[in-house]
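Let me begin by presenting the structure, written as C-alpha cells, before commenting on it.
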Amino acid sequence: MFTGIIEELGVIEKFDRSREPAMISIKAAKIPVGLKKGDSVSVNGVCLTVISASKNNFSVEAIGETLKKTNLLELKSGDKVNLEGALISSGKVSGHFVTGHIDGIGRIKSKRESRGEILFEVEADKDIIKGIVKKGSVAVDGISLTVAEVTDSSFSFYVIPHTANATILSSKGTGDKVNLETDILGKYATRHSSSEKSSEITEAYLKEKGFV
C-alpha cells in the first residue's frame with residue numbers, strides 16, 4: 001500500500017527484457033536505504049517487488065502482463081521515474097490510499113500553464129472514467145491528485161510547479177502515456193451499488209395491487 005506522495009525521482013540504469021520477468025535497475029539516493037529483497041516499491045505508480053538493493057540503487061522485476069498494461073514498457077536507460085516506498089502502518093497519509101495496481105493507461109490530451117498552476121487533461125477508457133469523480137482522488141503515474149473535472153472520455157487536474165518539478169509530470173506533454181489508478185474506496189462503492197438488486201416494487205405493481 002502507498003499514499004501517492006512521491007518520495008524521490010529515480011533514474012533507470014538498466015532494463016533487461018531478455019529475461020522473464022524483466023528486470024529493471026534503478027538509481028536512487030533515498031529509496032534504497034533499508035530496502036531488502038521482497039519489499040514493495042512503487043515505480044510510476046506500479047507496485048513492484050525488490051529483488052536486490054544496495055546503497056544507491058535497487059532492482060525490481062516486472063512480468064509481461066504488467067509491462068503491457070502500464071507505461072513501464074516504454075522505459076529506457078536514463079529515463080526518470082516516480083518512486084515511493086511502501087506505507088508504514090504508523091506513517092502519515094498525506095495523499096490517499098494507493099495500491100499500486102494499475103487500472104489502465106491514459107493519454108495526456110492537453111497541458112496548460114497559467115498563474116503558477118498547470119492544468120492537465122487526460123483521456124482514458126470509459127471503464128476507468130466511471131471510477132473517477134469530481135473532487136475525488138486519482139493516482140497518475142503514482143501521484144495522488146485531486147480531480148478538477150470529469151467528462152465522458154477524460155478528466156483534468158491541477159498541479160503546482162513544485163509537484164510537477166518533484167515528479168515526472170514536469171517532462172510530460174501532450175500525447176504522453178500515464179499510469180492510472182482510481183480510488184480504491186470508489187471501487188468498493190461502485191461494486192456495492194452494482195450488486196444491489198433493483199426493487200421489484202414499481203408503479204405498475206402498486207396499481208395492480210390496488211395501492212394506487
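Ligands are numbered from 1 in the order shown, residues from 1 within each chain, and chains are lettered A, B, ... in the order they appear in the C-alpha cells.
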Select from segment 67-165 of chain A everything DSSP, run on the backbone, classes as helix (DSSP H, G or I), then give the selection as a ChimeraX atom specification.
-> /A:67-68,71-74,126-129,161-165
Which polymer residues have any atom within 8 Å of an atom of Val159 of chain A, counting only C-alpha atoms, with same-chain residues fewer than 4 positions away left out, as a ChimeraX atom specification?
-> /A:117-119,145,163-164
Counting only C-alpha atoms, which residues in segment 58-109 of chain A sit no more than 12 Å from segment 176-182 of chain A? For each one, give the nearest pair of atoms and the distance in Å, sorted by chain then residue number, as a tab-separated table.
residue	atom	partner	partner_atom	distance
A:Thr66	CA	A:Asn179	CA	11.1
A:Leu67	CA	A:Asn179	CA	11.0
A:Lys68	CA	A:Asn179	CA	11.3
A:Lys69	CA	A:Asn179	CA	8.6
A:Thr70	CA	A:Asn179	CA	5.8
A:Asn71	CA	A:Asn179	CA	6.3
A:Leu72	CA	A:Asn179	CA	8.8
A:Leu73	CA	A:Lys177	CA	10.8
A:Glu74	CA	A:Lys177	CA	9.4
A:Leu75	CA	A:Lys177	CA	11.4
A:Val81	CA	A:Val178	CA	11.5
A:Asn82	CA	A:Asn179	CA	11.2
A:His96	CA	A:Thr182	CA	10.6
A:Phe97	CA	A:Thr182	CA	10.1
A:Val98	CA	A:Glu181	CA	7.6
A:Thr99	CA	A:Glu181	CA	8.2
A:Gly100	CA	A:Glu181	CA	7.4
A:His101	CA	A:Glu181	CA	6.8
A:Ile102	CA	A:Glu181	CA	5.0
A:Asp103	CA	A:Glu181	CA	5.1
A:Gly104	CA	A:Leu180	CA	5.6
A:Ile105	CA	A:Asn179	CA	4.8
A:Gly106	CA	A:Val178	CA	5.2
A:Arg107	CA	A:Lys177	CA	4.5
A:Ile108	CA	A:Asp176	CA	5.5
A:Lys109	CA	A:Asp176	CA	8.4
Tell me, which residues of segment 110-162 of chain A carry DSSP strand (DSSP E), written as a PyMOL selection string?
-> chain A and resi 110-114+117-123+137-140+143-150+154-159
Within 12 Å of Asn165 of chain A, counting only C-alpha atoms, which residues qualify if same-chain residues fewer than 3 places away don't, as a ChimeraX atom specification?
-> /A:6,8-9,80,82,117-118,159-162,168-172
Deliver the residues from the most recent selection as a file, using C-alpha atoms, as an mmCIF file, in the first residue's frame.
data_model
loop_
_atom_site.group_PDB
_atom_site.id
_atom_site.type_symbol
_atom_site.label_atom_id
_atom_site.label_comp_id
_atom_site.auth_asym_id
_atom_site.auth_seq_id
_atom_site.Cartn_x
_atom_site.Cartn_y
_atom_site.Cartn_z
ATOM 1 C CA ILE A 6 6.331 10.757 -4.425
ATOM 2 C CA GLU A 8 12.102 10.689 -4.994
ATOM 3 C CA LEU A 9 12.858 10.702 -8.702
ATOM 4 C CA LYS A 80 13.350 9.316 -14.731
ATOM 5 C CA ASN A 82 8.472 8.415 -9.734
ATOM 6 C CA GLU A 117 -0.501 26.317 -11.877
ATOM 7 C CA ILE A 118 -0.562 23.618 -14.537
ATOM 8 C CA VAL A 159 -0.693 20.736 -10.096
ATOM 9 C CA ILE A 160 1.551 23.426 -8.689
ATOM 10 C CA PRO A 161 5.075 23.850 -10.113
ATOM 11 C CA HIS A 162 6.586 22.191 -7.014
ATOM 12 C CA ILE A 168 7.997 13.220 -13.888
ATOM 13 C CA LEU A 169 4.985 15.422 -14.684
ATOM 14 C CA SER A 170 7.423 18.225 -15.487
ATOM 15 C CA SER A 171 8.605 16.276 -18.532
ATOM 16 C CA LYS A 172 5.175 15.014 -19.604
#
When you draw a straight line from atom CA of Asn44 of chain A to atom CA of Thr167 of chain A, how long is it in Å?
->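 Result for atom CA of Asn44 of chain A versus atom CA of Thr167 of chain A: 9.4 Å, one decimal.
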Considering only C-alpha atoms, return as a VMD selection string whatever protein or nucleic-acid residues lie within 10 Å of Asp16 of chain A, sequence-local ones (same chain, fewer than 5 positions apart) excluded.
-> chain A and resid 21 to 25 61 76
Show which residues sit within 8 Å of Ala28 of chain A, as JSON, numbers by chain. Count only C-alpha atoms, and ignore same-chain residues fewer than 4 positions away.
-> {"A": [8, 9, 10, 11, 32, 56, 57, 58]}
Take the residues just selected and output them with C-alpha atoms as a compact mmCIF listing (two decimals), in the first residue's frame.
# COMPACT_ATOMS: atom_id res chain seq x y z
CA GLU A 8 12.10 10.69 -4.99
CA LEU A 9 12.86 10.70 -8.70
CA GLY A 10 14.88 7.66 -9.71
CA VAL A 11 16.82 7.05 -12.91
CA PRO A 32 17.23 2.10 -1.45
CA ASN A 56 22.49 3.81 -4.34
CA ASN A 57 20.33 1.52 -6.44
CA PHE A 58 17.86 -1.32 -6.40
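Proximity ranking of A:Glu20, A:Glu208, A:Glu13, A:Asp183 relative to Ser59 of chain A places A:Glu13 first, based on only C-alpha atoms.
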For Ile12 of chain A, which residue among A:Ala62, A:Lys55, A:Thr49, A:Ser77 is the nearest when counting only C-alpha atoms?
->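 Under the stated criterion, the closest residue is A:Ser77.
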Do you know which residues are at most 9 Å from Val150 of chain A counting only C-alpha atoms, after dropping those on the same chain fewer than 5 positions away, and could you put them as a PyMOL selection string?
-> chain A and resi 129+132-134+155-156
Export, as a compact mmCIF listing (two decimals), in the first residue's frame, the selected residues with N, CA and C atoms.
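What ended up in part.txt:
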# COMPACT_ATOMS: atom_id res chain seq x y z
N ILE A 129 -12.87 5.95 -16.51
CA ILE A 129 -13.56 7.20 -16.22
C ILE A 129 -14.72 6.98 -15.25
N ILE A 132 -13.91 7.63 -11.65
CA ILE A 132 -13.34 8.93 -11.31
C ILE A 132 -14.46 9.94 -11.10
N VAL A 133 -14.39 10.68 -10.00
CA VAL A 133 -15.42 11.68 -9.71
C VAL A 133 -14.77 13.03 -9.44
N LYS A 134 -15.50 14.08 -9.74
CA LYS A 134 -15.02 15.44 -9.48
C LYS A 134 -14.73 15.62 -8.00
N PHE A 155 -10.54 13.35 -17.86
CA PHE A 155 -10.61 14.05 -16.58
C PHE A 155 -9.44 15.03 -16.52
N SER A 156 -9.55 16.01 -15.66
CA SER A 156 -8.49 17.01 -15.56
C SER A 156 -8.08 17.22 -14.10
Rank A:Tyr158, A:Gly173, A:Ser137, A:Leu83 by their smallest atom-to-atom distance to Ser114 of chain A, using only C-alpha atoms, and report the top residue only.
-> A:Tyr158
Could you state the separation of atom CA of Val138 of chain A and atom CA of Asp125 of chain A in Å, given to one decimal place?
->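 Between atom CA of Val138 of chain A and atom CA of Asp125 of chain A the gap is 14.5 Å.
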Have a look at atom CA of Ile31 of chain A and atom CA of Gly64 of chain A and let me know their distance in Å, one decimal.
-> 24.6 Å
Pick from A:Ala166, A:Ala124, A:Val43, A:Ile143: nearest to Lys27 of chain A, with only C-alpha atoms counted?
->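 Ranking A:Ala166, A:Ala124, A:Val43, A:Ile143 by distance to Lys27 of chain A, first place goes to A:Val43.
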